[in-house]
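Asker: entry11.pdb is reproduced in full below (PDB, C-alpha atoms).
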```pdb
ATOM      1  CA  MET A  26     127.120  78.373 159.712
ATOM      2  CA  THR A  27     123.770  76.941 158.660
ATOM      3  CA  PHE A  28     122.739  76.467 155.065
ATOM      4  CA  PRO A  29     119.005  77.245 154.827
ATOM      5  CA  LEU A  30     117.149  75.073 152.344
ATOM      6  CA  PRO A  31     113.948  76.286 150.644
ATOM      7  CA  LYS A  32     110.705  75.053 152.114
ATOM      8  CA  GLY A  33     109.060  72.486 149.889
ATOM      9  CA  LEU A  34     108.147  68.822 149.905
ATOM     10  CA  THR A  35     110.119  66.834 152.467
ATOM     11  CA  TYR A  36     111.412  63.285 152.360
ATOM     12  CA  ALA A  37     109.069  62.404 155.264
ATOM     13  CA  GLU A  38     106.018  63.488 153.259
ATOM     14  CA  LEU A  39     107.182  61.613 150.181
ATOM     15  CA  ARG A  40     108.090  58.502 152.166
ATOM     16  CA  GLU A  41     104.587  58.397 153.656
ATOM     17  CA  LYS A  42     103.039  58.907 150.229
ATOM     18  CA  HIS A  43     105.129  56.091 148.818
ATOM     19  CA  ARG A  44     103.985  53.793 151.624
ATOM     20  CA  GLU A  45     100.346  54.651 150.943
ATOM     21  CA  LEU A  46     100.510  54.290 147.160
ATOM     22  CA  GLY A  47     103.364  51.845 146.670
ATOM     23  CA  ASP A  48     101.386  48.592 146.668
ATOM     24  CA  GLY A  49     100.156  49.200 143.151
ATOM     25  CA  PHE A  50     103.474  50.371 141.752
ATOM     26  CA  PRO A  51     105.557  48.443 139.236
ATOM     27  CA  GLU A  52     108.411  46.866 141.193
ATOM     28  CA  ASN A  53     111.132  48.781 139.361
ATOM     29  CA  LEU A  54     109.457  52.148 139.900
ATOM     30  CA  SER A  55     108.809  51.414 143.576
ATOM     31  CA  LEU A  56     112.490  50.599 144.060
ATOM     32  CA  ARG A  57     113.543  53.793 142.283
ATOM     33  CA  MET A  58     111.228  55.855 144.465
ATOM     34  CA  ARG A  59     112.466  54.224 147.650
ATOM     35  CA  ARG A  60     116.075  54.877 146.699
ATOM     36  CA  ALA A  61     115.414  58.466 145.654
ATOM     37  CA  ILE A  62     113.515  59.270 148.850
ATOM     38  CA  SER A  63     116.278  57.729 150.983
ATOM     39  CA  TRP A  64     118.809  60.098 149.390
ATOM     40  CA  LEU A  65     116.459  63.015 149.954
ATOM     41  CA  GLU A  66     116.536  62.144 153.637
ATOM     42  CA  ARG A  67     120.330  62.214 153.585
ATOM     43  CA  ALA A  68     120.434  65.492 151.678
ATOM     44  CA  GLU A  69     118.090  67.245 154.114
ATOM     45  CA  ARG A  70     120.581  66.623 156.934
ATOM     46  CA  GLU A  71     123.201  68.800 155.247
ATOM     47  CA  THR A  72     122.142  72.111 156.738
ATOM     48  CA  ALA A  73     125.717  73.415 156.965
ATOM     49  CA  ASP A  74     127.375  72.021 153.850
ATOM     50  CA  PRO A  75     125.974  72.983 150.417
ATOM     51  CA  ASP A  76     128.633  70.901 148.629
ATOM     52  CA  ALA A  77     127.404  67.731 150.318
ATOM     53  CA  ALA A  78     123.753  68.753 149.980
ATOM     54  CA  PHE A  79     124.135  69.278 146.239
ATOM     55  CA  ILE A  80     125.780  65.878 145.756
ATOM     56  CA  PHE A  81     123.118  64.026 147.753
ATOM     57  CA  TYR A  82     120.281  65.802 145.950
ATOM     58  CA  TRP A  83     121.877  64.839 142.664
ATOM     59  CA  ILE A  84     122.007  61.195 143.761
ATOM     60  CA  ALA A  85     118.308  61.400 144.631
ATOM     61  CA  PHE A  86     117.583  62.851 141.194
ATOM     62  CA  ASN A  87     119.653  60.191 139.473
ATOM     63  CA  ALA A  88     117.915  57.434 141.461
ATOM     64  CA  ALA A  89     114.534  58.724 140.273
ATOM     65  CA  TYR A  90     115.706  59.137 136.701
ATOM     66  CA  ALA A  91     117.314  55.694 136.870
ATOM     67  CA  ALA A  92     119.854  56.178 134.111
ATOM     68  CA  ASP A  93     123.539  56.946 133.801
ATOM     69  CA  ILE A  94     123.215  60.620 132.913
ATOM     70  CA  ASN A  95     125.559  62.088 130.344
ATOM     71  CA  THR A  96     123.735  65.082 128.942
ATOM     72  CA  TYR A  97     126.369  65.752 126.320
ATOM     73  CA  GLN A  98     125.603  62.677 124.259
ATOM     74  CA  SER A  99     122.803  63.455 121.843
ATOM     75  CA  ALA A 100     120.792  60.290 122.520
ATOM     76  CA  GLU A 101     120.879  60.798 126.274
ATOM     77  CA  ARG A 102     120.063  64.483 125.922
ATOM     78  CA  HIS A 103     116.941  63.485 123.966
ATOM     79  CA  ARG A 104     115.882  61.147 126.797
ATOM     80  CA  PHE A 105     116.553  63.921 129.284
ATOM     81  CA  ASP A 106     114.291  66.236 127.306
ATOM     82  CA  ASP A 107     111.554  63.570 127.197
ATOM     83  CA  TYR A 108     111.797  63.119 130.967
ATOM     84  CA  PHE A 109     111.323  66.823 131.642
ATOM     85  CA  ARG A 110     108.567  67.104 129.044
ATOM     86  CA  GLN A 111     106.589  64.359 130.766
ATOM     87  CA  LEU A 112     107.085  65.875 134.210
ATOM     88  CA  ILE A 113     105.914  69.290 133.024
ATOM     89  CA  SER A 114     102.855  67.797 131.315
ATOM     90  CA  LEU A 115     101.876  66.064 134.575
ATOM     91  CA  ASP A 116     102.464  69.124 136.756
ATOM     92  CA  ALA A 117      98.876  70.356 137.048
ATOM     93  CA  GLY A 118      99.811  72.570 139.992
ATOM     94  CA  ARG A 119     102.563  74.232 137.917
ATOM     95  CA  LEU A 120     105.050  73.763 140.741
ATOM     96  CA  ILE A 121     107.984  73.335 138.356
ATOM     97  CA  HIS A 122     106.863  76.360 136.366
ATOM     98  CA  ASN A 123     106.559  78.506 139.494
ATOM     99  CA  ALA A 124     109.946  77.376 140.782
ATOM    100  CA  ILE A 125     111.652  78.334 137.511
ATOM    101  CA  TRP A 126     109.923  81.638 136.892
ATOM    102  CA  ASP A 127     108.920  82.932 140.322
ATOM    103  CA  ARG A 128     111.086  81.339 143.001
ATOM    104  CA  PHE A 129     114.563  80.987 141.454
ATOM    105  CA  PRO A 130     114.743  83.280 138.398
ATOM    106  CA  GLY A 131     117.804  85.137 139.719
ATOM    107  CA  PRO A 132     119.928  82.095 140.659
ATOM    108  CA  ILE A 133     118.962  80.331 137.431
ATOM    109  CA  ARG A 134     119.951  83.345 135.337
ATOM    110  CA  LEU A 135     123.322  83.519 137.108
ATOM    111  CA  LEU A 136     123.956  79.826 136.426
ATOM    112  CA  MET A 137     123.005  80.238 132.786
ATOM    113  CA  GLU A 138     125.401  83.172 132.387
ATOM    114  CA  ASN A 139     128.332  81.490 134.156
ATOM    115  CA  GLN A 140     130.865  80.100 131.676
ATOM    116  CA  TYR A 141     132.500  77.998 134.410
ATOM    117  CA  VAL A 142     129.524  75.628 134.440
ATOM    118  CA  PHE A 143     129.357  75.448 130.634
ATOM    119  CA  GLN A 144     130.912  72.212 129.405
ATOM    120  CA  PRO A 145     132.192  73.393 125.985
ATOM    121  CA  PHE A 146     134.262  76.024 127.792
ATOM    122  CA  TRP A 147     136.075  73.330 129.776
ATOM    123  CA  ASP A 148     136.380  71.042 126.745
ATOM    124  CA  TYR A 149     138.223  73.785 124.897
ATOM    125  CA  GLN A 150     140.380  74.743 127.894
ATOM    126  CA  ASN A 151     141.399  71.099 128.377
ATOM    127  CA  ARG A 152     141.948  70.541 124.645
ATOM    128  CA  VAL A 153     139.451  67.696 124.516
ATOM    129  CA  PRO A 154     139.454  66.122 121.021
ATOM    130  CA  GLY A 155     136.617  67.580 118.996
ATOM    131  CA  SER A 156     136.205  70.606 121.246
ATOM    132  CA  ASP A 157     135.180  73.832 119.572
ATOM    133  CA  GLU A 158     137.351  76.940 119.755
ATOM    134  CA  HIS A 159     134.168  78.901 119.131
ATOM    135  CA  TRP A 160     132.656  77.818 122.448
ATOM    136  CA  GLU A 161     131.722  81.440 123.152
ATOM    137  CA  MET A 162     129.298  81.383 120.244
ATOM    138  CA  GLN A 163     127.709  78.250 121.698
ATOM    139  CA  PHE A 164     127.562  79.930 125.095
ATOM    140  CA  ASP A 165     125.896  83.051 123.693
ATOM    141  CA  SER A 166     123.476  80.890 121.719
ATOM    142  CA  SER A 167     122.541  79.007 124.877
ATOM    143  CA  ILE A 168     121.792  82.253 126.697
ATOM    144  CA  ALA A 169     119.796  83.513 123.699
ATOM    145  CA  ARG A 170     117.596  80.394 123.813
ATOM    146  CA  ILE A 171     116.822  81.130 127.450
ATOM    147  CA  GLN A 172     115.938  84.718 126.598
ATOM    148  CA  ASN A 173     113.651  83.478 123.829
ATOM    149  CA  ALA A 174     111.828  81.352 126.408
ATOM    150  CA  LEU A 175     111.053  84.388 128.569
ATOM    151  CA  PRO A 176     108.044  85.886 126.749
ATOM    152  CA  GLY A 177     106.096  82.625 126.800
ATOM    153  CA  ARG A 178     107.648  81.352 130.029
ATOM    154  CA  ASP A 179     108.553  78.085 128.305
ATOM    155  CA  THR A 180     109.691  75.992 131.268
ATOM    156  CA  ARG A 181     111.047  73.078 129.241
ATOM    157  CA  LEU A 182     113.416  75.338 127.313
ATOM    158  CA  VAL A 183     114.924  76.378 130.642
ATOM    159  CA  LEU A 184     115.026  73.012 132.439
ATOM    160  CA  ASN A 185     117.300  71.353 129.909
ATOM    161  CA  PRO A 186     120.128  73.928 129.873
ATOM    162  CA  LEU A 187     119.701  74.429 133.624
ATOM    163  CA  PHE A 188     120.386  70.759 134.277
ATOM    164  CA  ASP A 189     123.232  70.854 131.771
ATOM    165  CA  ARG A 190     124.847  73.506 133.968
ATOM    166  CA  LEU A 191     124.047  71.602 137.159
ATOM    167  CA  TYR A 192     125.538  68.462 135.630
ATOM    168  CA  VAL A 193     128.827  70.273 134.976
ATOM    169  CA  LEU A 194     128.805  71.454 138.592
ATOM    170  CA  ARG A 195     128.108  67.895 139.707
ATOM    171  CA  ASN A 196     131.113  66.655 137.722
ATOM    172  CA  GLN A 197     133.380  69.299 139.208
ATOM    173  CA  LEU A 198     132.463  68.174 142.724
ATOM    174  CA  VAL A 199     132.291  64.411 142.235
ATOM    175  CA  HIS A 200     135.425  64.114 140.106
ATOM    176  CA  GLY A 201     137.600  66.299 142.293
ATOM    177  CA  GLY A 202     137.585  69.306 139.988
ATOM    178  CA  ALA A 203     136.657  71.693 142.785
ATOM    179  CA  THR A 204     137.870  72.393 146.304
ATOM    180  CA  TRP A 205     135.513  71.669 149.190
ATOM    181  CA  ARG A 206     133.974  74.925 150.430
ATOM    182  CA  SER A 207     135.928  76.845 147.825
ATOM    183  CA  SER A 208     135.103  80.531 147.608
ATOM    184  CA  VAL A 209     135.524  80.296 143.828
ATOM    185  CA  ASN A 210     132.303  78.359 143.214
ATOM    186  CA  ARG A 211     130.347  79.163 146.377
ATOM    187  CA  ASP A 212     127.464  80.941 144.706
ATOM    188  CA  GLN A 213     126.768  78.295 142.089
ATOM    189  CA  VAL A 214     127.063  75.427 144.594
ATOM    190  CA  ARG A 215     124.770  77.146 147.069
ATOM    191  CA  ASP A 216     122.243  78.126 144.393
ATOM    192  CA  GLY A 217     122.468  74.717 142.755
ATOM    193  CA  ALA A 218     121.775  72.932 146.036
ATOM    194  CA  ARG A 219     118.749  75.120 146.745
ATOM    195  CA  ILE A 220     117.335  74.615 143.268
ATOM    196  CA  MET A 221     117.818  70.843 143.509
ATOM    197  CA  ALA A 222     116.353  70.798 147.025
ATOM    198  CA  PHE A 223     113.148  72.306 145.708
ATOM    199  CA  LEU A 224     112.814  70.646 142.299
ATOM    200  CA  VAL A 225     113.872  67.046 142.970
ATOM    201  CA  PRO A 226     111.108  66.380 145.552
ATOM    202  CA  ILE A 227     108.597  67.771 143.043
ATOM    203  CA  PHE A 228     109.900  65.391 140.370
ATOM    204  CA  ILE A 229     109.580  62.450 142.768
ATOM    205  CA  ASP A 230     106.091  63.488 143.843
ATOM    206  CA  LEU A 231     104.897  63.670 140.245
ATOM    207  CA  MET A 232     106.292  60.194 139.611
ATOM    208  CA  LEU A 233     104.516  58.892 142.703
ATOM    209  CA  GLU A 234     101.257  60.402 141.467
ATOM    210  CA  HIS A 235     101.581  58.777 138.040
ATOM    211  CA  PRO A 236     103.010  55.255 138.311
ATOM    212  CA  GLU A 237     101.338  54.356 135.009
ATOM    213  CA  ILE A 238     103.745  56.641 133.103
ATOM    214  CA  ASP A 239     107.096  55.268 131.999
TER     215      ASP A 239
END
```
Give the structure from this file in structure tokens form.
Answerer:
Amino acid sequence: MTFPLPKGLTYAELREKHRELGDGFPENLSLRMRRAISWLERAERETADPDAAFIFYWIAFNAAYAADINTYQSAERHRFDDYFRQLISLDAGRLIHNAIWDRFPGPIRLLMENQYVFQPFWDYQNRVPGSDEHWEMQFDSSIARIQNALPGRDTRLVLNPLFDRLYVLRNQLVHGGATWRSSVNRDQVRDGARIMAFLVPIFIDLMLEHPEID
């Protein structure tokens, strides 16, 4: 069974753009772009396996971001927010905005409302030291923040919790907390892979367009 990916920027287009623009890039950024685009190429081959596609798209994202992502540490979460803020400010074509509000509003809402990709839920279930028994209040508060972003279509307020949820899904897959092709998490894996397949190439393209930005 095939796994249709959304039509957007492809690795081939981004690779060619990197070749055309890369001479003037800082060496570190050029290396990050080359790595990220190479993982995009690998991800695009996974037309029948959303689990694998999601993992490879996450590697591409991490290569572009170039940091060990742990969104549940406050300092790293702040850097995450800065990264998204910069991308949104550079997105003159509003591609990120349109993806969030027009292309994937349904899948994003389902991810936001799914407690099984909400880290405090798992922390409490696993009795992690410092976990909060009132995780449901945190969960409801997270959903409320998304709802508050709706009237003004505040993309940044959605990107952060969205990638929090995707990060939990990433951990479940990478650390063996989920079964391959499990029916239990099919919808979130499939939706997550499609969202990543569309957004990550946009992130990389914006970084290619603006090598002067850290």
Asker: Using only C-alpha atoms, find the one residue out of A:Leu112, A:Asp76, A:Phe105, A:Ala88 that sits nearest to Leu56 (chain A).
Answerer: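 Selected residue with least distance to Leu56 (chain A): A:Ala88.
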Asker: Give, as AutoDock Vina command-line options, the centre coordinates and the x, y and z edge lengths in Å to one decimal for an axis-aligned box around all listed atoms of region 118-131 of chain A, padded by 8 Å on each side.
Answerer:
```
--center_x 108.8 --center_y 78.9 --center_z 139.7 --size_x 34.0 --size_y 28.6 --size_z 22.6
```
Asker: Using all atoms listed in the file, which residue out of A:Phe146, A:Trp205, A:Trp64, A:Trp126 lies closest to Tyr82 (chain A)?
Answerer: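 Of all the options, A:Trp64 lies closest to Tyr82 (chain A).
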Asker: Excluding region 230-235 of chain A and residues on its chain fewer than 3 positions from it, collect all residues at most 9 Å away from it, counting only C-alpha atoms, and give them as a list in words.
Answerer: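 Answer for this query is Leu34, Leu39, Lys42, His43, Leu46, Gly47, Phe50, Leu54, Ser55, Met58, Ala89, Leu112, Leu115, Asp116, Val225, Pro226, Ile227, Ile238 and Asp239 of chain A.
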Asker: Could you list, as a PyMOL selection string, every residue within 7 Å of region 137-141 of chain A, counting all atoms listed in the file and ignoring same-chain residues fewer than 3 positions away?
Answerer: chain A and resi 133-134+146+168+187
Asker: Go ahead and write the residues just picked, C-alpha atoms, as an mmCIF file, in the coordinates of the input.
Answerer:
```cif
data_model
loop_
_atom_site.group_PDB
_atom_site.id
_atom_site.type_symbol
_atom_site.label_atom_id
_atom_site.label_comp_id
_atom_site.auth_asym_id
_atom_site.auth_seq_id
_atom_site.Cartn_x
_atom_site.Cartn_y
_atom_site.Cartn_z
ATOM 1 C CA ILE A 133 118.962 80.331 137.431
ATOM 2 C CA ARG A 134 119.951 83.345 135.337
ATOM 3 C CA PHE A 146 134.262 76.024 127.792
ATOM 4 C CA ILE A 168 121.792 82.253 126.697
ATOM 5 C CA LEU A 187 119.701 74.429 133.624
#
```
Asker: So which one's closest to Leu198 (chain A), A:Trp160, A:Phe143, A:Glu52, A:Phe81? Using only C-alpha atoms, please.
Answerer: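 Comparing A:Trp160, A:Phe143, A:Glu52, A:Phe81 against Leu198 (chain A), the winner is A:Phe81.
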Asker: List the residues sitting within 9 Å of (121.6, 75.2, 143.5) in the file's frame, using all atoms listed in the file, as a list in words.
Answerer: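 Within the cut-off we find Pro75, Phe79, Pro132, Ile133, Leu136, Leu191, Asp212, Gln213, Val214, Arg215, Asp216, Gly217, Ala218, Arg219, Ile220, Met221 and Ala222 of chain A.
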Asker: Given the choices A:Arg104, A:Ile121, A:Ser114, A:Arg67, which gets closest to Phe223 (chain A) if the distance is worked out from all atoms listed in the file?
Answerer: A:Ile121
Asker: Which residues, named as in the file, does the PyMOL selection byres ((chain A and resi 183) around 9) pick out? Answer as a list in words.
Answerer: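 After applying the PyMOL selection byres ((chain A and resi 183) around 9), what remains is Ile125, Ile133, Arg170, Ile171, Ala174, Arg178, Asp179, Thr180, Arg181, Leu182, Leu184, Asn185, Pro186, Leu187 and Phe188 of chain A.
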Asker: Record the distance separating CA of Pro236 (chain A) and CA of Ile84 (chain A), expressed in Å with one decimal.
Answerer: 20.6 Å
Asker: Find the distance between CA of Ala77 (chain A) and CA of Asn210 (chain A) and write it in Å to one decimal.
Answerer: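 These two atoms are separated by 13.7 Å.
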